[in-house]
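Participant: Sharing work-v2.cif (mmCIF, C-alpha atoms and all ligand atoms) below.
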data_model
loop_
_atom_site.label_atom_id
_atom_site.label_comp_id
_atom_site.auth_asym_id
_atom_site.auth_seq_id
_atom_site.Cartn_x
_atom_site.Cartn_y
_atom_site.Cartn_z
CA MET X 6 -46.07 -74.49 -29.75
CA ASP X 7 -43.05 -73.19 -27.83
CA PHE X 8 -43.91 -70.28 -25.51
CA ARG X 9 -40.37 -69.84 -24.19
CA LEU X 10 -38.59 -66.54 -24.84
CA THR X 11 -35.38 -66.48 -26.87
CA PRO X 12 -32.25 -65.45 -24.86
CA GLU X 13 -32.41 -62.00 -26.53
CA GLN X 14 -36.08 -61.56 -25.59
CA ASP X 15 -35.35 -62.70 -22.06
CA ALA X 16 -32.56 -60.08 -21.77
CA ARG X 17 -34.89 -57.35 -23.13
CA LYS X 18 -37.58 -58.35 -20.65
CA LYS X 19 -35.12 -58.09 -17.77
CA GLU X 20 -34.06 -54.65 -18.98
CA PHE X 21 -37.70 -53.46 -19.16
CA TYR X 22 -38.35 -54.73 -15.63
CA ARG X 23 -35.14 -53.14 -14.31
CA VAL X 24 -35.92 -49.67 -15.72
CA CYS X 25 -39.57 -49.87 -14.68
CA LYS X 26 -38.57 -50.80 -11.14
CA GLU X 27 -36.25 -47.74 -11.05
CA LEU X 28 -39.11 -45.51 -12.23
CA TYR X 29 -41.50 -47.13 -9.75
CA ASP X 30 -39.13 -46.17 -6.93
CA LYS X 31 -39.40 -42.52 -8.05
CA LYS X 32 -43.19 -42.30 -8.03
CA PRO X 33 -44.70 -39.52 -5.90
CA ALA X 34 -46.43 -40.58 -2.68
CA SER X 35 -49.77 -39.40 -4.09
CA TYR X 36 -49.52 -41.77 -7.08
CA SER X 37 -52.12 -44.52 -6.66
CA GLY X 38 -52.38 -46.06 -10.13
CA ILE X 39 -52.54 -44.80 -13.66
CA GLU X 40 -55.80 -42.88 -13.33
CA SER X 41 -54.31 -40.67 -10.59
CA LYS X 42 -52.24 -39.03 -13.34
CA ASN X 43 -55.37 -37.29 -14.60
CA HIS X 44 -56.43 -36.04 -11.19
CA ILE X 45 -53.25 -34.93 -9.41
CA ASP X 46 -50.72 -32.48 -10.89
CA GLU X 47 -47.59 -34.21 -9.59
CA CYS X 48 -48.88 -37.54 -10.92
CA TRP X 49 -49.35 -35.97 -14.34
CA ASP X 50 -45.74 -34.66 -14.12
CA PHE X 51 -44.65 -38.21 -13.23
CA HIS X 52 -46.58 -39.49 -16.27
CA ARG X 53 -44.68 -37.05 -18.53
CA PHE X 54 -41.38 -37.94 -16.84
CA CYS X 55 -41.91 -41.68 -17.44
CA ALA X 56 -43.00 -40.98 -21.04
CA ARG X 57 -39.73 -39.12 -21.74
CA GLU X 58 -37.71 -41.90 -20.09
CA TYR X 59 -39.35 -44.50 -22.34
CA GLY X 60 -39.11 -42.14 -25.33
CA LYS X 61 -35.38 -41.59 -25.07
CA ARG X 62 -34.87 -45.39 -25.06
CA GLY X 63 -37.07 -45.79 -28.16
CA TRP X 64 -39.65 -47.81 -26.20
CA LEU X 65 -42.70 -45.95 -27.52
CA THR X 66 -42.11 -46.99 -31.13
CA PHE X 67 -42.10 -50.79 -31.03
CA GLY X 68 -43.47 -52.21 -34.25
CA TRP X 69 -43.12 -48.92 -36.20
CA PRO X 70 -41.30 -48.96 -39.54
CA ALA X 71 -37.63 -47.92 -39.19
CA GLU X 72 -38.08 -44.82 -41.37
CA TYR X 73 -40.36 -43.30 -38.69
CA GLY X 74 -37.98 -44.14 -35.86
CA GLY X 75 -39.31 -47.62 -35.10
CA ALA X 76 -37.21 -49.65 -32.67
CA GLY X 77 -37.95 -53.27 -31.85
CA ASP X 78 -40.85 -55.50 -32.80
CA MET X 79 -44.29 -56.40 -31.47
CA MET X 80 -42.81 -58.97 -29.07
CA ASP X 81 -40.79 -56.12 -27.50
CA LYS X 82 -44.06 -54.23 -27.19
CA VAL X 83 -45.69 -57.13 -25.34
CA LEU X 84 -42.74 -57.55 -22.96
CA PHE X 85 -42.50 -53.81 -22.34
CA SER X 86 -46.29 -53.57 -21.69
CA GLU X 87 -45.96 -56.41 -19.21
CA ALA X 88 -43.22 -54.59 -17.24
CA VAL X 89 -45.12 -51.27 -17.25
CA GLY X 90 -48.35 -53.01 -16.22
CA TYR X 91 -46.65 -55.08 -13.54
CA PHE X 92 -45.41 -51.92 -11.79
CA GLY X 93 -48.64 -50.02 -12.54
CA LEU X 94 -46.63 -47.21 -14.16
CA PRO X 95 -47.93 -44.35 -16.31
CA GLY X 96 -46.01 -42.89 -19.27
CA VAL X 97 -47.48 -44.84 -22.17
CA ASP X 98 -50.09 -42.43 -23.52
CA GLU X 99 -52.97 -44.77 -24.32
CA PHE X 100 -54.33 -42.31 -26.89
CA GLY X 101 -51.12 -41.25 -28.65
CA VAL X 102 -48.94 -44.35 -28.42
CA ALA X 103 -51.47 -47.17 -28.38
CA MET X 104 -54.16 -45.78 -30.70
CA LEU X 105 -53.18 -42.79 -32.82
CA ALA X 106 -49.62 -43.74 -33.85
CA PRO X 107 -50.56 -47.08 -35.46
CA THR X 108 -53.56 -45.37 -37.10
CA LEU X 109 -51.36 -42.63 -38.59
CA LEU X 110 -48.93 -45.26 -39.83
CA ALA X 111 -51.82 -47.07 -41.52
CA ALA X 112 -53.94 -44.20 -42.79
CA ALA X 113 -52.26 -40.76 -42.73
CA SER X 114 -50.38 -38.74 -45.34
CA GLU X 115 -46.59 -38.43 -45.20
CA GLU X 116 -46.98 -34.81 -44.09
CA ILE X 117 -49.09 -35.83 -41.08
CA LYS X 118 -46.80 -38.72 -40.13
CA LYS X 119 -43.72 -36.48 -40.21
CA LYS X 120 -45.43 -33.77 -38.19
CA PHE X 121 -47.06 -35.85 -35.44
CA LEU X 122 -45.18 -39.13 -34.98
CA PRO X 123 -41.98 -37.59 -33.47
CA GLY X 124 -43.88 -36.04 -30.52
CA ILE X 125 -45.50 -39.41 -29.76
CA ALA X 126 -42.18 -41.27 -30.10
CA SER X 127 -40.37 -38.94 -27.70
CA GLY X 128 -43.19 -38.92 -25.14
CA GLU X 129 -43.51 -35.12 -25.43
CA THR X 130 -47.06 -34.88 -26.84
CA MET X 131 -50.09 -36.24 -24.99
CA TRP X 132 -53.38 -36.89 -26.76
CA CYS X 133 -57.08 -37.34 -26.03
CA GLU X 134 -60.02 -38.70 -27.98
CA LEU X 135 -62.97 -36.48 -29.00
CA TRP X 136 -65.49 -38.96 -30.38
CA SER X 137 -68.52 -39.52 -28.14
CA GLU X 138 -71.30 -36.99 -27.80
CA PRO X 139 -74.32 -36.75 -25.50
CA ASN X 140 -76.43 -38.50 -28.17
CA ALA X 141 -73.77 -40.52 -29.95
CA GLY X 142 -71.93 -43.29 -28.10
CA SER X 143 -72.64 -46.80 -29.35
CA ASP X 144 -74.17 -45.16 -32.38
CA LEU X 145 -71.10 -43.01 -32.98
CA ALA X 146 -71.97 -42.38 -36.61
CA GLY X 147 -74.99 -40.41 -35.36
CA LEU X 148 -72.73 -37.61 -34.07
CA THR X 149 -73.73 -34.02 -34.77
CA THR X 150 -70.67 -31.86 -34.06
CA THR X 151 -69.91 -30.21 -37.37
CA ALA X 152 -66.63 -29.42 -39.13
CA ILE X 153 -67.49 -27.22 -42.07
CA LYS X 154 -64.68 -26.53 -44.52
CA LYS X 155 -63.98 -22.88 -45.31
CA GLY X 156 -60.89 -22.26 -47.42
CA ASP X 157 -57.95 -24.03 -45.84
CA GLU X 158 -59.65 -24.56 -42.46
CA TYR X 159 -62.46 -26.54 -40.85
CA ILE X 160 -64.70 -24.61 -38.46
CA VAL X 161 -65.88 -26.94 -35.69
CA ASN X 162 -69.02 -26.46 -33.56
CA GLY X 163 -70.65 -28.84 -31.08
CA GLN X 164 -70.12 -30.84 -27.89
CA LYS X 165 -68.15 -33.98 -27.11
CA THR X 166 -68.44 -35.92 -23.87
CA TRP X 167 -66.70 -38.47 -21.62
CA ASN X 168 -63.33 -37.32 -22.95
CA THR X 169 -60.66 -38.94 -20.79
CA SER X 170 -57.64 -36.67 -20.05
CA ALA X 171 -58.99 -33.81 -22.21
CA HIS X 172 -58.09 -31.34 -19.42
CA ARG X 173 -54.46 -32.54 -19.59
CA ALA X 174 -53.87 -33.41 -23.24
CA ASP X 175 -51.90 -31.25 -25.69
CA TRP X 176 -53.72 -32.49 -28.78
CA ALA X 177 -56.94 -34.33 -29.64
CA PHE X 178 -58.01 -36.60 -32.44
CA GLY X 179 -61.69 -36.25 -33.20
CA VAL X 180 -64.41 -37.11 -35.66
CA TYR X 181 -66.91 -34.54 -36.96
CA ARG X 182 -69.70 -34.26 -39.51
CA ASN X 183 -68.68 -32.19 -42.51
CA ASP X 184 -72.13 -32.24 -44.12
CA PRO X 185 -75.06 -32.32 -41.66
CA GLN X 186 -77.50 -33.29 -44.45
CA ALA X 187 -75.56 -36.35 -45.60
CA PRO X 188 -76.26 -40.02 -44.60
CA LYS X 189 -74.84 -41.16 -41.26
CA HIS X 190 -71.66 -43.05 -42.13
CA LYS X 191 -70.72 -40.72 -44.98
CA ASN X 192 -69.30 -37.24 -44.58
CA LEU X 193 -67.56 -37.81 -41.29
CA THR X 194 -64.10 -36.27 -41.11
CA PHE X 195 -61.21 -37.22 -38.82
CA LEU X 196 -59.16 -34.21 -37.66
CA LEU X 197 -56.25 -33.53 -35.32
CA CYS X 198 -56.74 -30.50 -33.12
CA ASP X 199 -54.49 -28.48 -30.80
CA MET X 200 -56.28 -28.44 -27.42
CA LYS X 201 -55.09 -24.84 -26.89
CA SER X 202 -57.12 -23.67 -29.93
CA PRO X 203 -59.42 -20.71 -29.18
CA GLY X 204 -63.06 -21.80 -28.80
CA ILE X 205 -62.37 -25.02 -26.84
CA THR X 206 -63.86 -25.21 -23.34
CA VAL X 207 -63.14 -28.26 -21.19
CA LYS X 208 -65.44 -29.01 -18.27
CA GLY X 209 -64.76 -31.88 -15.84
CA ILE X 210 -67.22 -34.70 -15.18
CA PRO X 211 -66.43 -35.74 -11.58
CA TYR X 212 -66.02 -39.50 -11.27
CA MET X 213 -67.97 -41.24 -8.47
CA ASP X 214 -64.86 -41.26 -6.26
CA GLY X 215 -64.52 -37.49 -6.77
CA SER X 216 -61.53 -37.62 -9.13
CA HIS X 217 -61.19 -35.58 -12.31
CA ILE X 218 -60.46 -37.94 -15.19
CA TYR X 219 -63.33 -37.38 -17.66
CA ASN X 220 -64.61 -34.26 -19.36
CA GLU X 221 -67.11 -32.58 -21.59
CA VAL X 222 -65.49 -30.61 -24.41
CA TYR X 223 -67.37 -27.71 -25.98
CA MET X 224 -66.20 -26.54 -29.40
CA ASP X 225 -67.33 -23.09 -30.41
CA ASP X 226 -66.08 -21.92 -33.82
CA VAL X 227 -62.80 -23.79 -33.41
CA HIS X 228 -60.54 -23.34 -36.45
CA ILE X 229 -58.62 -26.48 -37.44
CA PRO X 230 -56.17 -26.24 -40.36
CA ALA X 231 -57.44 -28.44 -43.22
CA ASN X 232 -54.05 -30.14 -43.52
CA GLN X 233 -54.60 -31.70 -40.07
CA ILE X 234 -56.96 -34.25 -41.61
CA VAL X 235 -56.34 -38.00 -41.44
CA GLY X 236 -57.76 -39.87 -44.42
CA LYS X 237 -60.08 -38.12 -46.84
CA ASP X 238 -62.59 -35.32 -46.43
CA GLY X 239 -65.79 -37.26 -45.64
CA GLY X 240 -63.78 -40.50 -45.20
CA GLY X 241 -63.50 -40.35 -41.40
CA TRP X 242 -65.54 -43.50 -40.71
CA ALA X 243 -62.84 -45.71 -42.25
CA VAL X 244 -60.21 -44.06 -40.00
CA VAL X 245 -62.47 -44.50 -36.94
CA ASN X 246 -62.64 -48.25 -37.65
CA VAL X 247 -58.86 -48.56 -37.93
CA LEU X 248 -58.32 -46.67 -34.67
CA ALA X 249 -61.08 -48.54 -32.80
CA GLY X 250 -59.27 -51.82 -33.55
CA PHE X 251 -56.10 -50.54 -31.90
CA GLU X 252 -58.06 -49.04 -29.00
CA ARG X 253 -59.93 -52.25 -28.18
CA SER X 254 -56.98 -54.56 -28.56
CA ASN X 255 -54.76 -52.42 -26.30
CA ILE X 256 -53.12 -55.13 -24.23
CA GLY X 257 -51.69 -52.79 -21.59
CA LEU X 258 -54.83 -53.11 -19.46
CA VAL X 259 -54.28 -56.81 -18.91
CA TYR X 260 -50.83 -56.54 -17.44
CA GLY X 261 -51.95 -54.42 -14.51
CA LEU X 262 -53.69 -57.57 -13.30
CA LEU X 263 -50.44 -59.53 -13.04
CA SER X 264 -49.21 -57.87 -9.88
CA ALA X 265 -52.77 -57.56 -8.54
CA ILE X 266 -53.18 -61.33 -8.42
CA GLU X 267 -49.76 -61.74 -6.79
CA HIS X 268 -50.83 -59.35 -4.01
CA LEU X 269 -54.09 -61.21 -3.58
CA VAL X 270 -52.33 -64.57 -3.27
CA ALA X 271 -49.87 -63.10 -0.74
CA TYR X 272 -52.81 -61.73 1.28
CA CYS X 273 -54.50 -65.17 1.31
CA ASN X 274 -51.23 -66.80 2.36
CA GLU X 275 -50.84 -64.58 5.40
CA THR X 276 -54.44 -63.89 6.52
CA LYS X 277 -56.39 -66.24 8.77
CA ARG X 278 -60.14 -66.43 9.22
CA ASN X 279 -61.43 -68.57 12.11
CA GLY X 280 -57.83 -69.70 12.66
CA VAL X 281 -57.40 -71.02 9.10
CA LEU X 282 -55.38 -69.37 6.33
CA LEU X 283 -57.58 -68.06 3.54
CA SER X 284 -55.33 -69.91 1.10
CA LYS X 285 -56.44 -73.22 2.65
CA ASP X 286 -60.12 -72.55 2.00
CA PRO X 287 -61.12 -74.70 -1.02
CA ILE X 288 -63.69 -72.19 -2.30
CA ILE X 289 -61.18 -69.32 -2.17
CA ARG X 290 -58.53 -71.48 -3.87
CA ASN X 291 -61.03 -72.35 -6.54
CA ARG X 292 -61.96 -68.70 -7.23
CA ILE X 293 -58.34 -67.53 -7.34
CA SER X 294 -57.37 -70.42 -9.64
CA ASP X 295 -60.20 -69.39 -11.91
CA LEU X 296 -58.77 -65.84 -12.05
CA ALA X 297 -55.24 -67.12 -12.69
CA THR X 298 -56.52 -69.31 -15.53
CA GLY X 299 -58.29 -66.32 -17.07
CA LEU X 300 -55.13 -64.29 -16.76
CA GLU X 301 -53.08 -66.90 -18.59
CA ALA X 302 -55.74 -67.07 -21.31
CA VAL X 303 -55.70 -63.31 -21.77
CA ARG X 304 -51.88 -63.26 -21.89
CA THR X 305 -52.07 -65.75 -24.72
CA LEU X 306 -54.67 -63.57 -26.44
CA ALA X 307 -52.28 -60.62 -26.08
CA LEU X 308 -49.53 -62.61 -27.83
CA HIS X 309 -52.01 -63.55 -30.56
CA ILE X 310 -52.92 -59.86 -31.06
CA ALA X 311 -49.24 -58.87 -31.21
CA ASP X 312 -48.67 -61.53 -33.86
CA GLN X 313 -51.73 -60.37 -35.84
CA GLN X 314 -50.67 -56.72 -35.63
CA SER X 315 -47.13 -57.50 -36.77
CA ARG X 316 -48.62 -59.10 -39.90
CA HIS X 317 -51.23 -56.29 -40.31
CA GLU X 318 -53.94 -58.93 -40.06
CA MET X 319 -55.84 -57.94 -36.92
CA GLY X 320 -59.56 -58.52 -37.54
CA LEU X 321 -62.53 -56.74 -35.97
CA MET X 322 -63.37 -59.90 -34.03
CA ASP X 323 -59.89 -60.24 -32.47
CA ALA X 324 -59.97 -56.69 -31.10
CA ALA X 325 -63.54 -57.13 -29.80
CA ALA X 326 -62.71 -60.48 -28.16
CA VAL X 327 -59.65 -59.22 -26.29
CA LYS X 328 -61.60 -56.16 -25.10
CA VAL X 329 -64.52 -58.22 -23.76
CA PHE X 330 -62.36 -60.90 -22.16
CA SER X 331 -59.85 -58.59 -20.45
CA SER X 332 -62.42 -56.07 -19.16
CA GLU X 333 -64.65 -58.80 -17.72
CA LEU X 334 -61.65 -60.48 -16.11
CA MET X 335 -60.79 -57.18 -14.44
CA GLU X 336 -64.35 -56.86 -13.14
CA LYS X 337 -64.29 -60.44 -11.86
CA MET X 338 -60.98 -59.83 -10.10
CA ALA X 339 -62.35 -56.72 -8.36
CA GLN X 340 -65.46 -58.62 -7.25
CA ILE X 341 -63.57 -61.64 -5.90
CA SER X 342 -61.01 -59.56 -4.05
CA THR X 343 -63.56 -57.28 -2.40
CA ASP X 344 -65.52 -60.41 -1.40
CA LEU X 345 -62.36 -61.82 0.18
CA LEU X 346 -61.52 -58.61 1.99
CA GLY X 347 -65.05 -58.17 3.32
CA PRO X 348 -65.53 -54.70 4.92
CA TYR X 349 -61.78 -53.98 4.46
CA GLY X 350 -62.42 -54.00 0.72
CA GLN X 351 -64.48 -50.84 1.07
CA VAL X 352 -61.81 -48.59 2.54
CA SER X 353 -58.86 -46.93 0.86
CA HIS X 354 -57.67 -43.93 2.90
CA SER X 355 -57.80 -45.54 6.33
CA LYS X 356 -55.54 -47.34 8.78
CA PHE X 357 -57.81 -50.36 8.19
CA ALA X 358 -57.18 -50.42 4.43
CA LYS X 359 -55.46 -53.54 3.14
CA MET X 360 -52.95 -53.56 0.28
CA ASN X 361 -52.84 -49.71 0.11
CA GLY X 362 -56.61 -49.58 -0.40
CA ASN X 363 -56.07 -50.46 -4.06
CA TRP X 364 -58.99 -52.88 -4.23
CA GLU X 365 -61.51 -50.25 -3.22
CA SER X 366 -60.43 -48.10 -6.15
CA MET X 367 -60.30 -51.10 -8.50
CA TYR X 368 -63.86 -51.98 -7.50
CA GLN X 369 -65.01 -48.46 -8.38
CA THR X 370 -63.18 -48.28 -11.70
CA CYS X 371 -63.44 -51.84 -13.03
CA PHE X 372 -66.58 -51.16 -15.03
CA VAL X 373 -64.87 -48.38 -17.02
CA PRO X 374 -63.33 -50.63 -19.69
CA ILE X 375 -66.63 -52.50 -19.97
CA VAL X 376 -68.41 -49.32 -21.12
CA SER X 377 -65.66 -47.25 -22.72
CA MET X 378 -64.15 -48.08 -26.14
CA GLY X 379 -67.62 -49.30 -27.18
CA THR X 380 -69.66 -51.29 -24.66
CA ASN X 381 -69.24 -55.05 -24.34
CA GLU X 382 -72.75 -55.55 -25.74
CA ILE X 383 -71.59 -53.81 -28.92
CA GLN X 384 -68.39 -55.90 -28.98
CA ARG X 385 -70.49 -59.07 -28.68
CA ASN X 386 -72.53 -57.91 -31.67
CA ILE X 387 -69.26 -57.46 -33.60
CA ILE X 388 -68.09 -60.95 -32.61
CA ALA X 389 -71.45 -62.41 -33.64
CA TRP X 390 -71.67 -60.61 -36.99
CA TYR X 391 -68.11 -60.34 -38.24
CA GLY X 392 -66.49 -63.23 -36.39
CA LEU X 393 -69.17 -65.91 -36.38
CA GLY X 394 -71.31 -64.88 -39.34
CA LEU X 395 -74.52 -64.81 -37.25
CA PRO X 396 -77.41 -62.75 -38.66
CA ARG X 397 -77.99 -59.17 -37.56
CA MET X 398 -81.07 -58.54 -35.44
CA LYS X 399 -83.67 -56.14 -36.76
C1 LIG G 401 -65.32 -43.95 -18.15
C2 LIG G 401 -65.54 -43.65 -19.60
C3 LIG G 401 -64.49 -43.12 -20.37
C4 LIG G 401 -64.71 -42.80 -21.70
N1 LIG G 401 -63.70 -42.18 -22.42
C5 LIG G 401 -63.99 -41.70 -23.66
C6 LIG G 401 -63.02 -40.92 -24.38
O1 LIG G 401 -61.89 -40.68 -23.92
N2 LIG G 401 -63.36 -40.41 -25.59
C7 LIG G 401 -64.59 -40.63 -26.15
O2 LIG G 401 -64.83 -40.14 -27.24
N3 LIG G 401 -65.53 -41.39 -25.50
C8 LIG G 401 -65.26 -41.91 -24.28
N4 LIG G 401 -66.22 -42.64 -23.59
C9 LIG G 401 -67.53 -42.84 -24.20
C10 LIG G 401 -67.83 -44.31 -24.54
O3 LIG G 401 -67.18 -44.67 -25.73
C11 LIG G 401 -69.34 -44.44 -24.61
O4 LIG G 401 -69.85 -44.25 -23.30
C12 LIG G 401 -69.76 -45.81 -25.09
O5 LIG G 401 -69.45 -45.95 -26.47
C13 LIG G 401 -71.27 -46.05 -24.88
O6 LIG G 401 -72.02 -45.00 -25.39
P1 LIG G 401 -73.15 -44.29 -24.51
O7 LIG G 401 -72.55 -43.94 -23.21
O8 LIG G 401 -73.74 -43.21 -25.34
O9 LIG G 401 -74.22 -45.43 -24.24
P2 LIG G 401 -75.40 -45.86 -25.21
O10 LIG G 401 -74.87 -45.99 -26.59
O11 LIG G 401 -76.56 -44.95 -25.00
O12 LIG G 401 -75.75 -47.30 -24.68
C14 LIG G 401 -76.60 -47.52 -23.54
C15 LIG G 401 -76.75 -49.02 -23.35
O13 LIG G 401 -77.42 -49.60 -24.48
C16 LIG G 401 -76.63 -50.66 -25.03
N5 LIG G 401 -76.76 -50.67 -26.50
C17 LIG G 401 -76.73 -49.58 -27.32
N6 LIG G 401 -76.86 -49.98 -28.61
C18 LIG G 401 -76.93 -51.34 -28.60
C19 LIG G 401 -77.05 -52.34 -29.62
N7 LIG G 401 -77.09 -52.01 -30.92
N8 LIG G 401 -77.08 -53.65 -29.24
C20 LIG G 401 -77.01 -53.99 -27.92
N9 LIG G 401 -76.91 -53.09 -26.91
C21 LIG G 401 -76.87 -51.78 -27.24
C22 LIG G 401 -75.21 -50.36 -24.62
O14 LIG G 401 -74.42 -51.53 -24.60
C23 LIG G 401 -75.40 -49.75 -23.25
O15 LIG G 401 -75.51 -50.77 -22.28
C24 LIG G 401 -65.99 -43.03 -22.28
C25 LIG G 401 -67.01 -43.59 -21.51
C26 LIG G 401 -66.81 -43.90 -20.19
C27 LIG G 401 -67.96 -44.46 -19.38
#
How does this structure look as structure tokens?
Ligand SMILES: Cc1cc2nc3c(=O)[nH]c(=O)nc-3n(C[C@H](O)[C@H](O)[C@H](O)COP(=O)(O)OP(=O)(O)OC[C@H]3O[C@@H](n4cnc5c(N)ncnc54)[C@H](O)[C@@H]3O)c2cc1C

Facilitator:
Amino acid sequence: MDFRLTPEQDARKKEFYRVCKELYDKKPASYSGIESKNHIDECWDFHRFCAREYGKRGWLTFGWPAEYGGAGDMMDKVLFSEAVGYFGLPGVDEFGVAMLAPTLLAAASEEIKKKFLPGIASGETMWCELWSEPNAGSDLAGLTTTAIKKGDEYIVNGQKTWNTSAHRADWAFGVYRNDPQAPKHKNLTFLLCDMKSPGITVKGIPYMDGSHIYNEVYMDDVHIPANQIVGKDGGGWAVVNVLAGFERSNIGLVYGLLSAIEHLVAYCNETKRNGVLLSKDPIIRNRISDLATGLEAVRTLALHIADQQSRHEMGLMDAAAVKVFSSELMEKMAQISTDLLGPYGQVSHSKFAKMNGNWESMYQTCFVPIVSMGTNEIQRNIIAWYGLGLPRMK
């Protein structure tokens, strides 16, 4: 197998890196990684600015059919994700671009595609996900927020939780029960909702480092036009499964690790302990090589996913496998680097902080992808059942 890029792909990659470097040089001083966009106003403005910059170049529509404004293929998407991840830039709305757009292309009516895809393509509209509830996470189909149809509207009542960016987003995609008496996986409905709709209250859930990223969303007689449905009335579970595949196989996460490992190697090459460079310690070399090997494996997985998506053949197991592997690699990287840094790994806003204090924040946030998008235990069940054909436990 030949992993080399064609000359055209190589030129595209250079262009992505060049533009991303220019954007990186414009980031506000308070910007400390993509999650800071949710917490700090000027970082959110920077997120929107980057989104528009990508949008005007057509870089948010890779892999879309030409009739909806698609530009470029899935390989462009991989190379672009790599450049964005390398510089740790915001601007690619993980909910709108990475999850909802491919779901609309696969499952929505023409009316919905025409109404909502342009805002995602231009980087103007930001989205959030209203799925989980206090008593429905892994068992999402057990959700109780209702969307009862009355005339040409659904009236929504209930509570969602853990909703990333809900205090910032313009629109939300959500799943609701349209008949509370019906069996669990039936009568769920997938609706698109304007976050400015009357009856929506967003309340922050402070993260352990004090930042505002996650939210509870209360919905009290919220009116959603019935034509904002994706899929069929009562057919929301099928749409949830399509979207979950795109959510879990989102390869953007992986590329943030590329520059992280470079920084770690540079630190080991210039830092001495007991008079010896860290990079000469065989145990440290071994642990970093292990990380680098994992990173190469996950890059190959990302190429595999891009290939599968371009042929519309991505299976449940592929998405689950890339989610488990990349999230656990991120956790391992945070653990190894904070081990290496010792007490310096525990400070961020201090003159003693190393590498901008990024590892302290990575250590605190690395478990997020392990739990969110469906926990890794659930993904392992999916791999066992659908990928390997192992029996389900009682
Ligand atoms: C930081 C963060 C961001 C999130 N962002 C969003 C968002 O934007 N939008 C949204 O809708 N949701 C979001 N979520 C919610 C997320 O999807 C759920 O937390 C997740 O699905 C787990 O559900 P739960 O928290 O209810 O845990 P539970 O389902 O109660 O699980 C508790 C534990 O039991 C285990 N478990 C449960 N069932 C099984 C089983 N059958 N087999 C083996 N183990 C099992 C789980 O793996 C877990 O360890 C986010 C969560 C977090 C932590």

Participant: Please compute the atom CA of X:Ala71-atom CA of X:Lys118 distance, one decimal, in Å.

Facilitator: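 If I compute the distance from atom CA of X:Ala71 to atom CA of X:Lys118, I get 13.0 Å.
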
Participant: Need to verify the contact set: X:Cys371, 8 Å, all atoms listed in the file, exclusion of same-chain residues closer than 3 positions in sequence. Can you return it as an MDAnalysis selection string?

Facilitator: chainID X and resid 332 335:336 339 367:368 374:375

Participant: Find the residue from X:Val222, X:Met360, X:Leu94, X:Val89 that sits nearest to ligand LIG 401 (chain G); use all atoms listed in the file when measuring.

Facilitator: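 Going through X:Val222, X:Met360, X:Leu94, X:Val89 one by one, the smallest distance to ligand LIG 401 (chain G) is for X:Val222.
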
Participant: Which residues of chain X come within 9 Å of ligand LIG 401 (chain G), and what is each one's closest atom pair and distance in Å (one decimal), counting all atoms listed in the file, sorted by chain and residue number, as a Markdown table?

Facilitator:
| residue | atom | partner | partner_atom | distance |
| --- | --- | --- | --- | --- |
| X:Phe100 | CA | G:LIG401 | O1 | 8.3 |
| X:Cys133 | CA | G:LIG401 | O1 | 6.2 |
| X:Glu134 | CA | G:LIG401 | N2 | 4.4 |
| X:Leu135 | CA | G:LIG401 | O2 | 4.5 |
| X:Trp136 | CA | G:LIG401 | O2 | 3.4 |
| X:Ser137 | CA | G:LIG401 | O2 | 3.8 |
| X:Glu138 | CA | G:LIG401 | O8 | 7.1 |
| X:Pro139 | CA | G:LIG401 | O8 | 6.5 |
| X:Asn140 | CA | G:LIG401 | O8 | 6.1 |
| X:Ala141 | CA | G:LIG401 | O8 | 5.3 |
| X:Gly142 | CA | G:LIG401 | O6 | 3.2 |
| X:Ser143 | CA | G:LIG401 | O10 | 3.6 |
| X:Asp144 | CA | G:LIG401 | O10 | 5.9 |
| X:Leu145 | CA | G:LIG401 | O5 | 7.3 |
| X:Lys165 | CA | G:LIG401 | O2 | 7.0 |
| X:Thr166 | CA | G:LIG401 | N3 | 6.4 |
| X:Trp167 | CA | G:LIG401 | C8 | 4.6 |
| X:Asn168 | CA | G:LIG401 | O1 | 3.8 |
| X:Thr169 | CA | G:LIG401 | O1 | 3.8 |
| X:Ser170 | CA | G:LIG401 | O1 | 7.0 |
| X:Ala171 | CA | G:LIG401 | O1 | 7.7 |
| X:Gly179 | CA | G:LIG401 | O2 | 7.8 |
| X:Val180 | CA | G:LIG401 | O2 | 9.0 |
| X:Tyr212 | CA | G:LIG401 | C1 | 8.2 |
| X:Ile218 | CA | G:LIG401 | C1 | 8.3 |
| X:Tyr219 | CA | G:LIG401 | C3 | 6.5 |
| X:Asn220 | CA | G:LIG401 | O1 | 8.3 |
| X:Thr370 | CA | G:LIG401 | C1 | 8.1 |
| X:Phe372 | CA | G:LIG401 | C1 | 8.0 |
| X:Val373 | CA | G:LIG401 | C1 | 4.6 |
| X:Pro374 | CA | G:LIG401 | C1 | 7.1 |
| X:Ile375 | CA | G:LIG401 | C27 | 8.2 |
| X:Val376 | CA | G:LIG401 | C27 | 5.2 |
| X:Ser377 | CA | G:LIG401 | C10 | 4.1 |
| X:Met378 | CA | G:LIG401 | O3 | 4.6 |
| X:Gly379 | CA | G:LIG401 | O5 | 3.9 |
| X:Thr380 | CA | G:LIG401 | O14 | 4.8 |
| X:Asn381 | CA | G:LIG401 | O14 | 6.3 |
| X:Glu382 | CA | G:LIG401 | O14 | 4.5 |
| X:Ile383 | CA | G:LIG401 | N8 | 5.5 |
| X:Gln384 | CA | G:LIG401 | O14 | 8.6 |
| X:Arg385 | CA | G:LIG401 | C20 | 8.3 |
| X:Asn386 | CA | G:LIG401 | N8 | 6.7 |
| X:Met398 | CA | G:LIG401 | N8 | 8.8 |
